[in-house]
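K.L.:
So here's model14.cif, just mmCIF, C-alpha atoms:
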data_work
loop_
_atom_site.label_atom_id
_atom_site.label_comp_id
_atom_site.auth_asym_id
_atom_site.auth_seq_id
_atom_site.Cartn_x
_atom_site.Cartn_y
_atom_site.Cartn_z
CA MET A 1 32.97 22.81 -1.52
CA SER A 2 35.65 22.07 -4.18
CA ASN A 3 34.97 21.01 -7.77
CA ASP A 4 36.30 17.54 -6.95
CA GLN A 5 33.82 17.23 -4.10
CA ARG A 6 30.95 18.36 -6.32
CA SER A 7 31.76 15.58 -8.78
CA GLN A 8 31.37 12.93 -6.10
CA ARG A 9 28.25 10.81 -5.95
CA TYR A 10 25.70 11.49 -3.22
CA GLN A 11 25.68 8.64 -0.67
CA ILE A 12 22.43 7.85 1.17
CA GLY A 13 22.68 5.21 3.88
CA TYR A 14 19.44 3.51 4.87
CA ALA A 15 18.68 1.58 8.06
CA LEU A 16 15.34 -0.20 7.87
CA ALA A 17 13.64 -3.31 9.19
CA PRO A 18 13.67 -6.15 6.61
CA LYS A 19 10.02 -5.77 5.60
CA LYS A 20 10.31 -1.99 5.22
CA GLU A 21 13.55 -2.35 3.29
CA GLN A 22 11.90 -4.76 0.86
CA THR A 23 9.05 -2.36 0.05
CA PHE A 24 10.92 0.95 0.23
CA ILE A 25 14.25 0.13 -1.45
CA GLN A 26 13.03 -1.57 -4.62
CA PRO A 27 15.38 -2.33 -7.55
CA SER A 28 13.66 0.27 -9.74
CA LEU A 29 14.43 2.98 -7.16
CA VAL A 30 18.04 1.86 -6.72
CA THR A 31 18.59 1.85 -10.50
CA LYS A 32 17.04 5.28 -11.08
CA ALA A 33 18.97 6.77 -8.16
CA SER A 34 22.24 5.36 -9.47
CA GLU A 35 21.57 6.84 -12.91
CA ARG A 36 21.21 10.27 -11.28
CA GLY A 37 24.40 10.04 -9.24
CA ILE A 38 22.87 8.85 -5.97
CA ASP A 39 23.93 5.64 -4.23
CA LEU A 40 21.54 3.93 -1.82
CA ILE A 41 23.71 2.02 0.65
CA ARG A 42 22.36 -0.49 3.14
CA ILE A 43 23.42 0.05 6.74
CA ASP A 44 24.07 -3.23 8.56
CA PRO A 45 22.17 -3.04 11.87
CA TYR A 46 24.44 -5.73 13.34
CA LYS A 47 27.58 -3.66 12.90
CA PRO A 48 28.44 -0.41 14.71
CA LEU A 49 27.14 2.52 12.69
CA ILE A 50 30.28 4.52 13.44
CA GLU A 51 32.29 1.95 11.43
CA GLN A 52 30.11 2.28 8.32
CA GLY A 53 29.95 4.86 5.55
CA PRO A 54 30.89 7.37 4.38
CA PHE A 55 27.41 8.84 4.01
CA ASP A 56 26.07 12.23 3.02
CA CYS A 57 22.69 11.41 4.53
CA ILE A 58 21.07 8.67 6.62
CA ILE A 59 17.42 7.60 6.27
CA HIS A 60 16.22 5.31 9.04
CA LYS A 61 13.27 3.62 10.65
CA LEU A 62 14.78 1.61 13.46
CA TYR A 63 13.82 2.07 17.10
CA GLY A 64 15.30 1.53 20.51
CA PRO A 65 17.87 3.10 22.86
CA ASP A 66 20.83 1.32 21.24
CA TRP A 67 20.06 2.60 17.75
CA ASN A 68 19.35 6.11 19.01
CA GLN A 69 22.67 6.12 20.84
CA GLN A 70 24.49 4.95 17.71
CA LEU A 71 22.90 7.76 15.69
CA LEU A 72 23.90 10.29 18.33
CA GLN A 73 27.48 9.04 18.39
CA PHE A 74 27.69 8.99 14.58
CA SER A 75 26.27 12.50 14.28
CA SER A 76 28.69 13.91 16.86
CA ARG A 77 31.62 12.66 14.77
CA ASN A 78 30.06 13.41 11.38
CA GLN A 79 28.26 16.71 11.85
CA GLY A 80 27.88 17.28 8.12
CA VAL A 81 25.80 14.13 7.66
CA ARG A 82 22.08 14.79 7.65
CA VAL A 83 19.92 12.34 9.63
CA ILE A 84 16.35 11.90 8.36
CA ASP A 85 14.74 12.18 10.73
CA PRO A 86 15.69 12.94 14.38
CA PRO A 87 14.52 10.00 16.58
CA GLU A 88 13.05 12.31 19.24
CA LEU A 89 10.76 13.89 16.63
CA ILE A 90 9.73 10.55 15.15
CA GLU A 91 8.89 9.38 18.67
CA ARG A 92 6.07 11.93 18.85
CA LEU A 93 4.18 9.92 16.21
CA HIS A 94 4.25 6.81 18.39
CA ASN A 95 1.64 8.36 20.67
CA ARG A 96 -1.81 8.99 19.17
CA ILE A 97 -2.42 11.96 21.43
CA SER A 98 0.88 13.78 20.92
CA MET A 99 0.80 13.21 17.14
CA LEU A 100 -2.47 15.12 16.75
CA GLU A 101 -1.59 17.81 19.30
CA VAL A 102 0.82 19.12 16.68
CA VAL A 103 -2.11 19.67 14.30
CA SER A 104 -4.21 21.33 17.01
CA ASP A 105 -1.41 23.80 17.69
CA MET A 106 -0.93 24.75 14.04
CA LYS A 107 -2.00 28.21 12.94
CA ILE A 108 -2.93 27.73 9.30
CA ASP A 109 -5.06 30.15 7.30
CA LEU A 110 -7.22 28.19 4.84
CA ASN A 111 -9.24 31.24 3.81
CA SER A 112 -12.36 29.90 2.06
CA LYS A 113 -10.88 26.43 1.43
CA GLY A 114 -12.32 24.96 4.63
CA LYS A 115 -11.71 24.43 8.33
CA LEU A 116 -9.08 22.14 9.82
CA SER A 117 -9.28 20.27 13.11
CA VAL A 118 -8.74 16.89 14.74
CA PRO A 119 -11.35 14.54 16.20
CA LYS A 120 -12.41 15.13 19.78
CA GLN A 121 -10.59 12.49 21.80
CA ALA A 122 -9.59 11.27 25.24
CA VAL A 123 -7.27 8.68 26.80
CA VAL A 124 -8.89 5.99 28.96
CA SER A 125 -7.46 3.15 31.01
CA GLY A 126 -10.48 0.90 31.06
CA PRO A 127 -14.25 0.77 30.67
CA THR A 128 -15.71 3.98 32.05
CA GLU A 129 -18.42 6.52 31.41
CA VAL A 130 -17.24 8.93 28.74
CA HIS A 131 -19.38 12.00 29.33
CA GLU A 132 -17.35 14.41 27.20
CA LEU A 133 -17.48 12.27 24.03
CA ARG A 134 -20.40 11.32 21.81
CA PHE A 135 -21.05 7.85 20.39
CA PRO A 136 -20.11 6.25 18.07
CA LEU A 137 -16.46 6.18 19.10
CA ILE A 138 -13.30 4.77 17.58
CA ALA A 139 -11.02 3.01 20.08
CA LYS A 140 -7.31 2.88 19.21
CA PRO A 141 -4.29 1.80 21.27
CA LEU A 142 -2.45 4.82 22.66
CA GLU A 143 0.83 3.55 21.24
CA ALA A 144 1.21 3.66 17.46
CA ASN A 145 4.46 1.74 17.09
CA GLY A 146 3.68 -0.45 14.09
CA THR A 147 3.13 -3.65 16.09
CA PRO A 148 0.06 -5.84 15.41
CA LYS A 149 -1.37 -4.78 18.77
CA SER A 150 -1.20 -1.10 17.79
CA HIS A 151 -3.53 -1.84 14.86
CA GLN A 152 -6.28 -3.43 16.98
CA MET A 153 -9.08 -0.87 16.66
CA TYR A 154 -12.79 -0.92 17.42
CA LEU A 155 -15.96 0.96 16.61
CA ILE A 156 -17.94 1.45 19.84
CA PHE A 157 -21.64 2.24 19.74
CA ASP A 158 -22.65 2.58 23.39
CA THR A 159 -21.52 2.34 27.02
CA GLU A 160 -21.79 -1.45 26.91
CA GLY A 161 -19.28 -1.50 24.06
CA LEU A 162 -16.67 0.16 26.28
CA GLN A 163 -16.17 -3.24 27.96
CA VAL A 164 -13.79 -4.10 25.10
CA LEU A 165 -11.32 -1.73 26.75
CA GLU A 166 -10.87 -3.99 29.78
CA GLU A 167 -8.00 -5.93 28.22
CA ALA A 168 -6.71 -3.27 25.84
CA ALA A 169 -5.86 -0.24 28.01
CA PRO A 170 -4.60 2.39 27.65
CA MET A 171 -6.66 3.41 24.65
CA VAL A 172 -7.53 6.57 22.80
CA LEU A 173 -11.23 7.20 22.17
CA GLN A 174 -12.06 9.41 19.20
CA GLU A 175 -15.46 10.65 18.18
CA PHE A 176 -16.39 9.09 14.85
CA VAL A 177 -17.10 11.66 12.14
CA ASN A 178 -19.16 10.75 9.08
CA HIS A 179 -16.93 11.37 6.07
CA GLY A 180 -18.60 9.70 3.11
CA GLY A 181 -16.58 6.49 3.42
CA VAL A 182 -13.48 8.12 1.92
CA VAL A 183 -10.08 9.01 3.42
CA PHE A 184 -7.49 11.17 1.66
CA LYS A 185 -3.98 9.90 2.27
CA VAL A 186 -1.42 12.67 1.85
CA TYR A 187 2.17 11.49 1.30
CA VAL A 188 5.03 13.87 2.07
CA ALA A 189 8.72 13.55 1.14
CA GLY A 190 10.33 16.90 1.81
CA SER A 191 8.63 19.41 -0.48
CA SER A 192 7.09 16.62 -2.60
CA VAL A 193 3.39 16.06 -1.81
CA LYS A 194 0.85 13.64 -3.26
CA CYS A 195 -2.79 13.06 -2.25
CA VAL A 196 -4.66 9.83 -3.04
CA LYS A 197 -8.19 8.60 -2.31
CA ARG A 198 -8.93 5.39 -0.40
CA LYS A 199 -12.10 3.75 0.91
CA SER A 200 -12.75 4.15 4.62
CA LEU A 201 -15.35 3.32 7.26
CA PRO A 202 -18.90 3.95 6.04
CA ASP A 203 -21.13 6.68 7.45
CA ILE A 204 -23.41 5.85 10.37
CA SER A 205 -26.82 7.49 10.40
CA GLN A 206 -28.63 8.51 13.60
CA GLU A 207 -31.38 6.08 12.67
CA LYS A 208 -28.92 3.21 12.32
CA MET A 209 -27.34 4.07 15.67
CA LYS A 210 -30.62 3.08 17.37
CA SER A 211 -30.05 -0.55 16.36
CA LEU A 212 -26.28 -0.78 16.84
CA LYS A 213 -25.10 -2.27 20.13
CA GLY A 214 -21.76 -2.95 21.76
CA PHE A 215 -18.73 -2.77 19.53
CA LEU A 216 -17.22 -4.10 16.29
CA PRO A 217 -13.55 -4.70 15.49
CA PHE A 218 -12.51 -2.74 12.41
CA SER A 219 -12.03 -6.02 10.56
CA GLN A 220 -15.77 -6.72 10.91
CA VAL A 221 -17.04 -3.25 9.98
CA SER A 222 -18.85 -3.14 6.65
CA SER A 223 -21.51 -1.05 4.98
CA ASN A 224 -24.07 -3.77 5.63
CA ALA A 225 -23.22 -3.76 9.34
CA VAL A 226 -23.43 -0.05 10.11
CA ASP A 227 -25.00 1.80 7.17
CA ASP A 228 -28.57 1.84 5.88
CA ASP A 229 -27.28 2.59 2.40
CA ASP A 230 -25.26 -0.37 1.11
CA ARG A 231 -24.11 1.31 -2.09
CA GLU A 232 -20.39 1.05 -2.76
CA VAL A 233 -18.41 4.28 -2.69
CA ASP A 234 -17.36 5.27 -6.22
CA LEU A 235 -13.94 6.81 -5.68
CA GLU A 236 -13.88 8.14 -9.25
CA LYS A 237 -16.72 10.51 -8.35
CA ILE A 238 -15.04 11.79 -5.17
CA GLU A 239 -13.43 15.19 -5.50
CA VAL A 240 -10.08 15.51 -3.75
CA PRO A 241 -9.26 18.65 -1.74
CA CYS A 242 -7.78 21.39 -3.92
CA GLU A 243 -4.06 21.00 -4.55
CA GLY A 244 -3.15 24.36 -3.05
CA PHE A 245 -4.81 23.45 0.24
CA VAL A 246 -3.12 20.03 0.42
CA VAL A 247 0.34 21.39 -0.40
CA GLU A 248 0.02 24.23 2.12
CA LEU A 249 -1.25 21.87 4.82
CA ALA A 250 1.60 19.41 4.13
CA ARG A 251 4.16 22.22 4.32
CA GLU A 252 2.78 23.46 7.63
CA MET A 253 2.74 19.94 9.06
CA ARG A 254 6.31 19.28 7.89
CA GLU A 255 7.50 22.40 9.69
CA ALA A 256 5.44 21.71 12.83
CA LEU A 257 6.57 18.08 13.06
CA GLY A 258 10.17 18.72 12.00
CA LEU A 259 9.94 15.62 9.78
CA ASN A 260 10.51 14.95 6.09
CA LEU A 261 9.10 11.47 5.45
CA PHE A 262 5.52 10.86 6.58
CA ASN A 263 1.91 10.68 5.49
CA PHE A 264 -1.30 11.74 7.15
CA ASP A 265 -4.92 10.68 6.86
CA LEU A 266 -7.34 13.49 6.08
CA ILE A 267 -11.13 13.21 6.05
CA ARG A 268 -13.81 15.66 4.94
CA GLU A 269 -16.92 15.76 7.08
CA ASN A 270 -19.97 14.43 5.26
CA ASP A 271 -21.66 17.09 3.10
CA ASP A 272 -25.02 16.57 4.84
CA ASN A 273 -23.50 17.72 8.14
CA ILE A 274 -21.83 20.68 6.47
CA SER A 275 -25.03 21.78 4.76
CA ALA A 276 -26.98 21.59 7.99
CA ARG A 277 -24.60 24.09 9.62
CA GLY A 278 -24.13 26.22 6.52
CA ASP A 279 -20.34 26.03 6.92
CA SER A 280 -17.54 25.54 4.40
CA ASP A 281 -15.83 22.15 4.20
CA ARG A 282 -14.48 20.82 7.48
CA TYR A 283 -11.36 18.65 7.26
CA LEU A 284 -9.92 16.54 10.05
CA VAL A 285 -6.47 14.99 10.37
CA ILE A 286 -7.03 11.60 12.02
CA ASP A 287 -3.66 9.84 11.82
CA ILE A 288 0.03 10.46 10.98
CA ASN A 289 2.56 7.76 10.06
CA TYR A 290 6.32 7.96 9.73
CA LEU A 291 8.04 6.63 6.58
CA PRO A 292 4.86 5.04 5.20
CA GLY A 293 4.40 2.65 2.27
CA TYR A 294 5.48 4.95 -0.56
CA ALA A 295 5.64 2.01 -2.96
CA LYS A 296 1.81 1.99 -2.99
CA LEU A 297 1.90 5.32 -4.83
CA GLN A 298 1.67 5.41 -8.57
CA GLY A 299 4.98 6.85 -9.73
CA TYR A 300 6.63 6.29 -6.36
CA VAL A 301 10.13 6.20 -7.89
CA SER A 302 9.77 9.68 -9.40
CA PHE A 303 8.19 10.94 -6.17
CA LEU A 304 11.13 9.81 -4.03
CA MET A 305 13.72 10.79 -6.63
CA ASP A 306 12.55 14.40 -6.41
CA PHE A 307 13.22 14.22 -2.68
CA PHE A 308 16.65 12.57 -3.08
CA LEU A 309 17.74 15.08 -5.73
CA ASN A 310 16.70 17.99 -3.51
CA LEU A 311 18.84 16.52 -0.73
CA ALA A 312 21.82 16.23 -3.08
CA ASN A 313 21.36 19.72 -4.50
CA ASN A 314 21.10 21.25 -1.04
CA CYS A 315 24.31 19.45 -0.05
CA GLU A 316 26.13 20.85 -3.08
CA SER A 317 25.01 24.41 -2.37
CA SER A 318 26.05 24.30 1.28
#
In structure tokens, what does this structure look like?
P.N.:
Amino acid sequence: MSNDQRSQRYQIGYALAPKKEQTFIQPSLVTKASERGIDLIRIDPYKPLIEQGPFDCIIHKLYGPDWNQQLLQFSSRNQGVRVIDPPELIERLHNRISMLEVVSDMKIDLNSKGKLSVPKQAVVSGPTEVHELRFPLIAKPLEANGTPKSHQMYLIFDTEGLQVLEEAAPMVLQEFVNHGGVVFKVYVAGSSVKCVKRKSLPDISQEKMKSLKGFLPFSQVSSNAVDDDDREVDLEKIEVPCEGFVVELAREMREALGLNLFNFDLIRENDDNISARGDSDRYLVIDINYLPGYAKLQGYVSFLMDFFLNLANNCESS
């Protein structure tokens, strides 16, 4: 690469749905990127991609055969332009079984930091006896494509509750794991990693299970409905997993998925269950999302700028 080329600004084209564009490409991010020699350029989805640019990199979250074909055509003519990320790898996250199979296949050595797994789960096409799974169960649509329907989830307490699946098949059933009402959301942007705490579904005691019948939509689940202990979770008192563990796990997942922009939901099995078995902490990955809501992160501009600058630096050194 010549000195003249090195002096050029780094051009990132972005192709996003309007709502995602509004939250991801905020003025503060555009301004900071411009100050550091990076231009964020909107790709017009109504014009042929091949006629737009030039770009050094394309970030996208559009779906469908037409867009995939446009990316393929653009890449064949512009082989030096990096596409983040390949559509066929993103597609894996649209299926709640295939997304977690990646985690199951990972060989990660956590030493004494804990054990990693995914919830026991199965795909069903309607109400049926589920002998291999233990209640309570979480029912989720098999497709995780960001549509309102894909977010219709239920907590199922018994065989009678499986009737909710009649009009919602195919669904994924996951065994519910008590996790102290806290989920750790781990955001990944290349080598940048950040873990935050969020409230989650409350624990369900064996005693409470005796009185719970049928099912509840997630929107109706509350501590009063499923937990004997109605105390609010104090997130300030919750200890996050150690940074080394989170960073290593994120790195392994990035390599296994082949993706750069994603987050995953991590839970830690309730301490009472751990103590009863005498084991170290058990962590479970329960969900993975592509190009999530980074703007919810404190310091999201700095977080993404680290990623953008790494892209630009790698381009300069190639």
K.L.:
Find the residue from A:Cys57, A:Phe157, A:Val164, A:Ile50 that sits nearest to Ser76 of chain A; use all atoms listed in the file when measuring.
P.N.:
A:Ile50
K.L.:
Given the file shown, determine the residues that the PyMOL selection byres ((chain A and resi 121) around 8) selects; report them as a PyMOL selection string.
P.N.:
chain A and resi 119-120+122-123+133+172-175
K.L.:
Once you count all atoms listed in the file, what closest atom pair and distance in Å to one decimal does each residue of segment 146-185 of chain A within 7 Å of segment 191-205 of chain A have, with rows by chain and rising residue number, as a Markdown table?
P.N.:
| residue | atom | partner | partner_atom | distance |
| --- | --- | --- | --- | --- |
| A:Asn178 | CA | A:Asp203 | CA | 4.8 |
| A:His179 | CA | A:Asp203 | CA | 6.4 |
| A:Gly180 | CA | A:Asp203 | CA | 5.9 |
| A:Gly181 | CA | A:Pro202 | CA | 4.3 |
| A:Val182 | CA | A:Lys199 | CA | 4.7 |
| A:Val183 | CA | A:Arg198 | CA | 5.4 |
| A:Phe184 | CA | A:Lys197 | CA | 4.8 |
| A:Lys185 | CA | A:Val196 | CA | 5.4 |
K.L.:
For each of A:Tyr187, A:Asp105, A:Pro217, A:Pro136, take the minimum atom-to-atom distance to Tyr154 of chain A, counting all atoms listed in the file, then give the residue where this is smallest.
P.N.:
A:Pro217
K.L.:
Any chance you could resolve the PyMOL selection byres ((chain A and resi 49) around 12) against this file and give the residues as a ChimeraX atom specification?
P.N.:
/A:13-15,42-48,50-55,58,60,66-75,77-78
K.L.:
For a test of reading the model, state the distance in Å between atom CA of Asp39 of chain A and atom CA of Gln11 of chain A, rounded to one decimal.
P.N.:
5.0 Å
K.L.:
Atom CA of Leu142 of chain A and atom CA of Ile97 of chain A, how far apart in Å?
P.N.:
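The value is 7.2 Å.
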K.L.:
Out of A:Arg36, A:Arg134, A:Lys20, A:Arg96, which residue has the shortest atom-to-atom distance to Gln206 of chain A when counting all atoms listed in the file?
P.N.:
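Going through A:Arg36, A:Arg134, A:Lys20, A:Arg96 one by one, the smallest distance to Gln206 of chain A is for A:Arg134.
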K.L.:
Using all atoms listed in the file, which residues sit within 9 Å of His94 of chain A once same-chain residues fewer than 4 positions away are excluded, as a list in words?
P.N.:
Ile90, Ser98, Met99, Leu142, Glu143, Ala144, Asn145, Gly146, Asn289 and Tyr290 of chain A
K.L.:
Any idea what the distance is between atom CA of Glu252 of chain A and atom CA of Val188 of chain A?
P.N.:
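Separation of atom CA of Glu252 of chain A and atom CA of Val188 of chain A: 11.3 Å.
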K.L.:
Which is closest to Arg251 of chain A among A:Leu155, A:Ile108, A:Ile267, A:Val221, if we use only C-alpha atoms?
P.N.:
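Residue with the minimum atom-to-atom distance to Arg251 of chain A: A:Ile108.
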K.L.:
Got a sec to resolve the PyMOL selection byres ((chain A and resi 249) around 10) on this structure and send the residues as a list in words?
P.N.:
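When the PyMOL selection byres ((chain A and resi 249) around 10) is applied, the selected residues are Val103, Met106, Ile108, Asp109, Leu110, Leu116, Val186, Val193, Glu243, Gly244, Phe245, Val246, Val247, Glu248, Ala250, Arg251, Glu252, Met253 and Arg254 of chain A.
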K.L.:
Please dump the current selection as a short mmCIF file (atom, residue, chain, number, x, y, z; two decimals), keeping the file's coordinate frame; keep C-alpha atoms.
P.N.:
data_model
loop_
_atom_site.label_atom_id
_atom_site.label_comp_id
_atom_site.auth_asym_id
_atom_site.auth_seq_id
_atom_site.Cartn_x
_atom_site.Cartn_y
_atom_site.Cartn_z
CA VAL A 103 -2.11 19.67 14.30
CA MET A 106 -0.93 24.75 14.04
CA ILE A 108 -2.93 27.73 9.30
CA ASP A 109 -5.06 30.15 7.30
CA LEU A 110 -7.22 28.19 4.84
CA LEU A 116 -9.08 22.14 9.82
CA VAL A 186 -1.42 12.67 1.85
CA VAL A 193 3.39 16.06 -1.81
CA GLU A 243 -4.06 21.00 -4.55
CA GLY A 244 -3.15 24.36 -3.05
CA PHE A 245 -4.81 23.45 0.24
CA VAL A 246 -3.12 20.03 0.42
CA VAL A 247 0.34 21.39 -0.40
CA GLU A 248 0.02 24.23 2.12
CA ALA A 250 1.60 19.41 4.13
CA ARG A 251 4.16 22.22 4.32
CA GLU A 252 2.78 23.46 7.63
CA MET A 253 2.74 19.94 9.06
CA ARG A 254 6.31 19.28 7.89
#
K.L.:
Pick out the closest residue to Lys61 of chain A from this set: A:Ile12, A:Cys242, A:Leu291, A:Ala33. Count all atoms listed in the file.
P.N.:
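Using all atoms listed in the file, the shortest distance to Lys61 of chain A belongs to A:Leu291.
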